[in-house]
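Novice: I'd like to ask some things about the structure below.
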Amino acid sequence: MLIKQSSDIPSSEITSKSGYMSRRKFITGAAATGAAVAAGFYLRSTDETHVVEANNALPGVIKSPLSTTEKPNTLQDITNYNNYYEFSTDKYEPNGLATNFRSRPWNVSLEGLVKKPKKLDIDTIMKLAPLEERIYRHRCVEGWSMVIPWVGFPLSALIKAAEPLGKAKYVAFETLFAPNQMPNQKSGLLAWPYVEGLRMDEAMHPLTILAVGLYGEALPNVDGAPVRLVVPWKYGFKGIKAIVKVSFVENMPPTTWNRMASNEYGFYSNVNPQVDHPRWSQAKERRIGEFLKRPTLMFNGYSDQVASLYSGMDLRKNY
Amino acid sequence: MKGLKVLTFLLCLGPASVLLWKGFQSILGANPIDVITRTTGRWTLIFLLVTLSVSPLRKILEMPWLIRFRRMLGLFAFFYGSLHLMTYVWLDKFFDVHEMLHDIFKRRFITAGMTAFALMLPLALTSTTGWIRRLGGKRWRALHRLIYFSAAAGVIHFIWLVKADLRRPFTYGAVLLLLLAFRAFQWGIARVRSRSQAPVVHAETR
C-alpha cells in the first residue's frame with residue numbers, strides 16, 4: 001500500500017508573515033468599509049420608510065386590452081428622465097429630489113359643481129375600481145417619447161364617485177402646493193400650484209386614467225405619487241401629478257403651460273404631427289432607447305379611439 | 001509657458017473626453033443624444049465667454065502674457081461648436097438637408113445657432129499667424145470682433161430654445177454683457193482721452 005506524503009507543499013506557496021498580516025489588514029479594512037456602507041443603507045432606509053413602502057407590489061392588477069404591445073421602457077429610464085418642474089427643470093434631477101416626498105397620508109378633494117363636495121383618502125381612491133395595467137405610449141411636447149406600463153383605473157370611476165351636476169362641462173385638476181417638499185415651488189418659474197383640465201367627454205373617455213402605479217408597484221414619487229393623470233393621446237404635460245384637487249366647472253379652466261405661453265401650449269394639446277410647436281417641429285420624436293427618430297402619429301396613435309371627440313374642430317386653432 | 005499651454009490644451013479637452021468616456025460606458029442617461037447636444041452647446045458658449053475674458057483679464061490683472069492663450073481658447077470654442085453642429089446634423093437630422101434648411105429658415109433658435117456658428121467660421125480660418133500677416137493687424141482685429149456677435153447669437157440661441165427656465169441662458173447673457181461693457185468702457189475712455197488731447201496738440205502746432 002502506497003501512502004502519499006502530504007507535506008510536499010512547496011515553500012513558495014507558504015505565505016510569509018508580513019504577507020498574511022497585510023492580507024488580514026485588508027480584510028479587516030474591507031469588512032469595516034462594508035459595515036459602514038451597510039450602516040449607511042440601513043440609516044437611509046429607516047430615514048425613508050415611505051420609500052420602502054412605496055416599493056410594494058400592488059395586488060390584483062389585471063391586464064387591459066387597451067394596452068399597446070410595444071416594448072415598455074425600463075424603470076430606470078422612466079424614473080430618471082422626466083419633467084417634474086416642482087422639483088427641477090432638469091430631467092435627470094427630480095428622482096433624487098423627490099425621494100423624501102411624502103405621498104401618505106393623502107387626500108383628494110372633489111368639489112365645484114358636484115352633488116356634495118367631499119374628500120377621499122388615497123386608499124379609498126385606489127379601491128374605486130379594479131386596478132389595471134395600461135401600457136401606453138407617452139409623447140412629450142419636447143419631442144421625446146416612451147412606452148410606460150402604468151397601473152391605474154379609468155378617471156370616469158372617480159368622476160362617478162364625485163357625482164357632478166349636469167352643468168359641469170370641464171374637470172379641473174390641481175397639484176399639491178408644498179414648497180418645503182417641492183423645492184422649485186419656491187421659484188417663480190411657473191404659477192404654482194400646477195393646474196390642468198379636460199373637457200368632460202375627454203375626462204370620461206376609457207383611455208383616460210388616474211395612475212397610482214408603475215411596473216406593478218406603487219407609483220414612484222418622481223412620476224407623480226400617489227396619484228396622477230394619464231391621457232395618452234395628449235402631450236405629457238397634460239398628465240398632472242400629485243393631484244390634491246379635482247373640481248367640476250362650467251367654463252374651460254386655466255392650465256399652467258397655457259398661462260405661461262398661450263401661443264405655444266393650448267388647452268387641448270393633443271399630439272399632432274401636423275401642428276408644430278412655434279419653435280420646433282412635432283413631426284418626429286425620439287423614442288428613448290432608440291437611435292433613429294420615428295414619425296409622430298396623430299393623437300399619438302390613438303386616433304381610432306379619440307378622433308371622434310374632435311370632429312368638426314379646427315385642430316390648428318384648437319392646438 | 002509651453003508646459004502651461006500643454007496643460008491648458010489638455011484641460012480644454014476635458015469636457016469632450018468625459019463625454020466620450022461616459023458614452024463608451026453607456027452612462028449618458030436615458031437620452032444620450034440630448035446630453036451630447038446640451039454638453040457640446042454649453043461648452044461652446046463657455047469657451048466663447050472665456051475667450052472674450054482674456055483681454056479684460058490681462059488688463060485688470062496686468063498679465064499681458066495671457067494673450068498667448070487666446071487663440072487656443074477661441075479654437076476650442078470652434079471645436080465644441082463644430083461638435084454641437086455635428087450632433088444636430090448627424091444625430092438629430094440624419095443629414096436631411098431639406099429638413100435642416102426648413103429649420104434654419106423657420107425655427108428662430110436654429111437660425112440664431114447657425115448664425116453663431118457661421119460667424120465663428122472665418123475667425124477659425126484666419127486664426128493662423130500667416131493670416132494675421134496677410135490681413136494686417138488692423139484688419140485682422142476688425143474681422144475678429146465678429147466674436148462679439150457670435151457669442152450674442154449663441155446666447156440668443158439658448159434663450160429661444162428653453163421652455164420656461166431662463167436662469168441659465170440669462171447667466172451666460174449677463175456674463176457676456178459684462179465682458180462687452182468692459183470693452184465699451186475702455187473704448188469710451190480712449191475716446192475721451194483722445195478728445196481732451198486733441199486741442200493740446202492743436203495748440204502746440206499753432
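Ordering of the C-alpha cells sets the chain letters (A, B, ...); residue numbers start at 1 within each chain; ligands are numbered from 1 in the order shown.
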For B:Leu166, find every residue with an atom within 12 Å (counting only C-alpha atoms), except residues of its own chain fewer than 5 positions away, and show them as a VMD selection string.
Specialist: (chain A and resid 89 187 to 190) or (chain B and resid 155 to 161 171 to 174)
Novice: Kindly provide, as a list in words, the residues of chain B having any atom no farther than 9 Å from an atom of chain A, counting only C-alpha atoms.
Specialist: Gly29, Ala30, Asn31, Pro32, Ile33, Leu91, Asp92, Lys93, Phe94, Asp103, Lys106, Arg107, Arg108, Phe109, Trp160, Leu161, Lys163, Ala164, Asp165 and Leu166 of chain B
Novice: Any chance you could list, as a PDB file with C-alpha atoms, in the first residue's frame, the residues in stretch 184-216 of chain A that come up strand (DSSP E) when DSSP is run on the backbone?
Specialist:
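Output below, filename part-v2.pdb:
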```
ATOM      1  CA  VAL A 195     -53.242  73.196 -12.779  1.00  0.00           C
ATOM      2  CA  GLU A 196     -54.634  71.198 -15.686  1.00  0.00           C
ATOM      3  CA  GLY A 197     -58.017  70.481 -17.192  1.00  0.00           C
ATOM      4  CA  LEU A 198     -60.026  68.268 -19.511  1.00  0.00           C
ATOM      5  CA  ARG A 199     -63.344  68.589 -21.277  1.00  0.00           C
ATOM      6  CA  ILE A 209     -56.818  57.039 -16.387  1.00  0.00           C
ATOM      7  CA  LEU A 210     -55.690  58.023 -12.948  1.00  0.00           C
ATOM      8  CA  ALA A 211     -52.375  56.222 -12.451  1.00  0.00           C
ATOM      9  CA  VAL A 212     -51.410  55.003  -8.993  1.00  0.00           C
ATOM     10  CA  GLY A 213     -48.691  52.578 -10.034  1.00  0.00           C
ATOM     11  CA  LEU A 214     -45.896  51.772 -12.434  1.00  0.00           C
TER      12      LEU A 214
END
```
Novice: Enumerate as a VMD selection string all residues of chain B assigned to alpha helix (DSSP H) by DSSP on the backbone, naming them with the chain letters and numbers the document uses.
Specialist: chain B and resid 2 to 25 32 to 60 70 to 86 97 to 106 108 to 125 129 to 135 137 to 144 146 to 161 167 to 205
Novice: Would you list the contacts of stretch 123-125 of chain B as a PyMOL selection string, taking every protein, DNA or RNA residue within 9 Å and counting only C-alpha atoms, but skipping same-chain residues closer than 6 positions in sequence?
Specialist: chain B and resi 71+74-75+78+131+143-144+146-147
Novice: If you count only C-alpha atoms, which residues fall within 8 Å of B:Ile67, apart from same-chain ones fewer than 6 positions away, as a CSV table (one decimal) with C-alpha atoms, in the first residue's frame?
Specialist:
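Output below, filename part31.csv:
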```csv
chain,number,residue,atom,x,y,z
B,54,VAL,CA,-8.8,87.2,-22.0
B,55,SER,CA,-8.5,90.8,-23.0
B,58,ARG,CA,-4.9,90.7,-18.9
```
Novice: Give me the residues near A:Val306 as a list in words, where near means some atom within 12 Å (using only C-alpha atoms) and where sequence neighbours in that chain fewer than 6 positions away do not count.
Specialist: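 Listed by chain and then number, they are Asp201, Glu202, Ala203, Met204, His205, Pro206, Leu207, Thr208, Val231, Pro232, Trp233, Lys234, Asn270, Val271, Met298, Phe299 and Asn300 of chain A.
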Novice: Would you output that residue set with C-alpha atoms, as a PDB file, in the first residue's frame?
Specialist:
```pdb
ATOM      1  CA  ASP A 201     -66.027  63.886 -22.642  1.00  0.00           C
ATOM      2  CA  GLU A 202     -62.209  63.658 -22.659  1.00  0.00           C
ATOM      3  CA  ALA A 203     -62.225  63.007 -18.921  1.00  0.00           C
ATOM      4  CA  MET A 204     -64.869  60.267 -19.273  1.00  0.00           C
ATOM      5  CA  HIS A 205     -63.037  58.542 -22.147  1.00  0.00           C
ATOM      6  CA  PRO A 206     -61.997  54.968 -21.287  1.00  0.00           C
ATOM      7  CA  LEU A 207     -58.354  55.684 -22.252  1.00  0.00           C
ATOM      8  CA  THR A 208     -58.089  58.460 -19.648  1.00  0.00           C
ATOM      9  CA  VAL A 231     -54.137  60.996 -21.112  1.00  0.00           C
ATOM     10  CA  PRO A 232     -52.158  59.049 -23.719  1.00  0.00           C
ATOM     11  CA  TRP A 233     -53.278  60.970 -26.837  1.00  0.00           C
ATOM     12  CA  LYS A 234     -52.164  64.317 -25.372  1.00  0.00           C
ATOM     13  CA  ASN A 270     -53.418  66.736 -28.487  1.00  0.00           C
ATOM     14  CA  VAL A 271     -50.400  65.033 -30.016  1.00  0.00           C
ATOM     15  CA  MET A 298     -51.807  61.632 -34.988  1.00  0.00           C
ATOM     16  CA  PHE A 299     -53.278  61.568 -31.470  1.00  0.00           C
ATOM     17  CA  ASN A 300     -50.144  59.598 -30.536  1.00  0.00           C
TER      18      ASN A 300
END
```
Novice: Kindly indicate which residue among A:Val114, A:Leu315, A:Val61, A:Leu97 lies nearest to A:Gly152, using only C-alpha atoms for the distances.
Specialist: A:Val61
Novice: Of the residues B:Gly154, B:Gly81, B:Gly3, B:Pro169, which is the one nearest to B:Thr111, using only C-alpha atoms?
Specialist: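 Among B:Gly154, B:Gly81, B:Gly3, B:Pro169, it is B:Gly154 that comes nearest to B:Thr111.
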Novice: Return the single residue from B:Ser127, B:Gln25, B:Ser82, B:Thr37 that is closest to B:Arg141, with distances computed using only C-alpha atoms.
Specialist: B:Ser127
Novice: Using only C-alpha atoms, find the one residue out of B:Lys59, B:Arg133, B:Arg68, B:Arg168 that sits nearest to B:Leu45.
Specialist: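 Ranking B:Lys59, B:Arg133, B:Arg68, B:Arg168 by distance to B:Leu45, first place goes to B:Arg168.
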Novice: Distance atom CA of A:Ala57-atom CA of A:Glu132, one decimal place?
Specialist: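 Value for the atom CA of A:Ala57-atom CA of A:Glu132 distance: 13.1 Å.
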